[in-house]
Structure formats: C-alpha cells, structure tokens
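Asker: Encoded as structure tokens, here's the structure I'll be asking about.
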Amino acid sequence: MSISLNNLSKRYGSTHAVENVSAEITHGSLTAILGPSGSGKSTLLKLISGLEAPDEGRVIIDGDDVTDVDPRHRDIGFCFQSYAPFRHMNVAKNVGFGLKVRKRPAAEIDARVKELLALVKLDDKASRYPSQLSGGERQRMALARALAIEPRVLLLDEPFGALDAVVRQELRQWVKVLHEQIHVTTVLVTHDQQEAMEVADQLIVMSAGRVVQSGNPLALYESPATDFVHEFLGPSTVFGGVVTRPHDLELVSVYDGAMKGRITSIVSLGFEAQVTVELSDGTTTWVQLSRNELSKMGLRVALLVGVRRRTDADF
C-alpha cells in the first residue's frame with residue numbers, strides 16, 4: 001500500500017511539531033523517517049496511524065483518504081519501542097490478541113499465530129511468558145503481534161532503541177529479511193543513521209518539523225541537499241570551508257597541492273583510524289584512513305603533513 005502525506009501540520013500550543021510535510025511512501029517499501037530528537041519524526045508516524053489528528057493536511061493510504069478515519073479502522077500494525085506485552089499472557093496469546101478482539105474463529109487464530117511464530121522464529125517459545133524472553137525475543141513477539149491482523153501498513157517507532165548494540169544489529173538484519181518475506185509497506189522511525197542506512201530502501205530526513213530531503217539512502221549519502229543532511233547521514237568534517245566526508249581526504253608527505261598541517265591526535269577504531277590535523281589556516285579537520293594506511297605512512301602525533309582532497313583516480 002502506498003502512503004501520500006499532503007501538507008501535514010501539527011501544533012502543540014505555539015510549537016510546530018510537524019510543519020507542512022509532504023512525502024510519498026511507495027508500495028512495499030521499507031521507509032525510514034530519520035532525524036534528531038525533536039525533529040517531528042514520531043509525531044509524523046502518529047499522524048499516519050491516526051493516534052494524532054493533523055491541524056492541516058491529509059493522509060492518503062492506497063488512494064483512500066484516512067485523515068478522519070479512526071485508527072482502529074485503518075488496518076495499521078503499530079510497534080513501539082516499549083512493546084508493552086500482556087504479562088499475564090503467554091507468547092501465543094499475546095500474538096493472537098488482536099485477532100481475538102476482532103472475534104476471529106479460534107481455529108483461524110491458532111493457525112495465524114503458529115504461522116507468525118514460525119516466521120519470527122519463536123515457535124518453540126509459544127507457551128512462555130514475556131518475562132521469560134530476552135529483549136530481542138520480546139521485540140520479535142511485538143512485531144508478530146503487529147502483523148497478526150494482516151495490516152496494510154506496518155509502523156515501527158524506534159523499535160530497537162531499548163536494546164543493546166549487539167541485539168540491535170541482529171534485529172536490523174532480521175527485520176530486513178522479514179520485510180523481504182512479507183512485503184508489507186513499512187515505516188520505521190529512528191534517530192540512528194546506521195540503522196536507517198542498513199535497513200531502509202527509502203529515507204525521509206527531518207529537522208525542526210520539516211522534511212529536509214528524501215530518497216534512496218545511497219543517493220542522499222552521496223548527494224546531500226544541505227550541510228545538515230551531510231553531517232547527519234555519516235561522518236563529516238570541514239575542509240577548506242566545505243563540509244566533506246573524512247574518507248574523501250588524504251594525507252601526503254609533500255605539500256604540492258595540499259594544505260599544510262600538524263597531526264594533533266590519532267585514534268584507532270577497529271580497522272580504521274581517525275587522524276586529526278590542525279591546519280595552517282587555524283582550522284582543524286580529520287581524515288579517515290585504514291590502519292594499514294596509517295602503518296605504511298608512519299604517521300604520529302606532531303608530524304607535519306599535507307591534507308588534500310582525493311581525486312577520482314585515488315578511489
């Protein structure tokens with residue numbers, strides 16, 4: 001199902017949480033709404049779901065204007081960061097709860113629950129209670145519960161935010177594979193740039209209640225429309241007064257065509273290194289190198305170097 005957001009605005013008192021937002025979310029896509037805290041991304045998700053009503057604008061799902069439709073009748077699955085399981089119910093009953101409320105036949109509920117638990121790899125934990133699951137397993141249970149009603153759209157609001165880094169990484173990959181299997185139009189809200197770049201096939205970047213840029217993740221990374229998008233979507237530095245990717249710079253031992261500087265710090269992070277250089281014009285920049293490059297060049301703190309942009313031939 002495609003989603004069209006037409007000139008949406010939402011105010012809380014004198015504050016614009018969302019201001020004149022228009023966006024297209026294509027059928028079957030996994031779209032990430034990305035932005036810093038307070039950018040309006042969660043409010044926009046609530047406007048899509050119907051949990052909040054816009055002050056202006058319309059929400060169109062698959063050609064139907066649902067702006068004034070009760071959220072219970074929008075056929076939307078919603079999964080929050082705090083997945084709020086029913087603690088007195090086991091996993092199977094949690095997943096089937098939405099179907100029971102809709103008074104589906106017991107045999108249909110059982111079949112659907114078994115199908116979903118197999119899909120999210122919890123079929124061996126159907127009789128367990130939420131307190132007996134790990135954080136990642138509870139999140140998968142919450143996703144199964146959201147999918148049980150066969151929604152037209154799946155909305156995920158910071159679903160991995162409460163999990164540790166290792167589990168988050170595992171769930172990112174799992175959600176991407178799951179999406180390829182179920183192909184439900186999915187909208188993910190996150191402030192985690194890496195998460196959005198890894199999982200989504202479309203990005204909507206927000207700042208101060210407005211959409212700054214949207215499109216393919218790689219296109220936004222390589223051709224950001226503003227310095228904000230450039231800095232928000234990946235590592236960046238300033239060189240020659242221009243926001244630049246640190247891996248687009250190189251260090252040289254000769255100064256032909258390079259700006260002179262002195263290395264002030266070297267930090268090794270796994271397979272890469274960050275080399276900070278104080279330049280002759282008084283500004284500071286940093287360059288991203290592999291540890292192999294660092295070793296070969298014999299770089300050290302206080303060494304005089306030249307910094308320049310890599311040419312196409314250098315890549």
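Ordering of the structure tokens sets the chain letters (A, B, ...); residue numbers start at 1 within each chain; ligands are numbered from 1 in the order shown.
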If you count only C-alpha atoms, which residues fall within 10 Å of His183 in chain A, apart from same-chain ones fewer than 3 positions away, as a list in words?

Answerer: Met1, His27, Gly28, Ser29, Leu30, Val153, Val177, Leu178, His179, Glu180 and Thr186 of chain A

Asker: For Asp70 in chain A, find every residue with an atom within 8 Å (counting only C-alpha atoms), except residues of its own chain fewer than 3 positions away, and show them as a tab-separated table (two decimals) with N, CA and C atoms, in the first residue's frame.

Answerer:
chain	number	residue	atom	x	y	z
A	50	GLY	N	-3.07	7.66	12.89
A	50	GLY	CA	-4.33	8.17	13.40
A	50	GLY	C	-4.34	8.37	14.90
A	73	HIS	N	-9.62	1.45	12.46
A	73	HIS	CA	-10.16	1.04	11.16
A	73	HIS	C	-9.23	1.37	10.00
A	74	ARG	N	-7.96	1.64	10.30
A	74	ARG	CA	-7.01	1.96	9.24
A	74	ARG	C	-6.20	0.74	8.78

Asker: CA of Thr31 in chain A and CA of Leu154 in chain A, how far apart in Å?

Answerer: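 Pair CA of Leu154 in chain A / CA of Thr31 in chain A returns 10.5 Å.
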
Asker: What's around Ser2 in chain A at 7 Å? Count only C-alpha atoms, leave out sequence neighbours fewer than 6 positions away in its own chain, and write the answer as a PyMOL selection string.

Answerer: chain A and resi 25-27+61-62

Asker: I'd like to know which of A:Ser214, A:Gln288, A:Asn7, A:Ser207 is closest to Ser39 in chain A, using only C-alpha atoms.

Answerer: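 Of the candidates, the smallest distance to Ser39 in chain A is held by A:Ser207.
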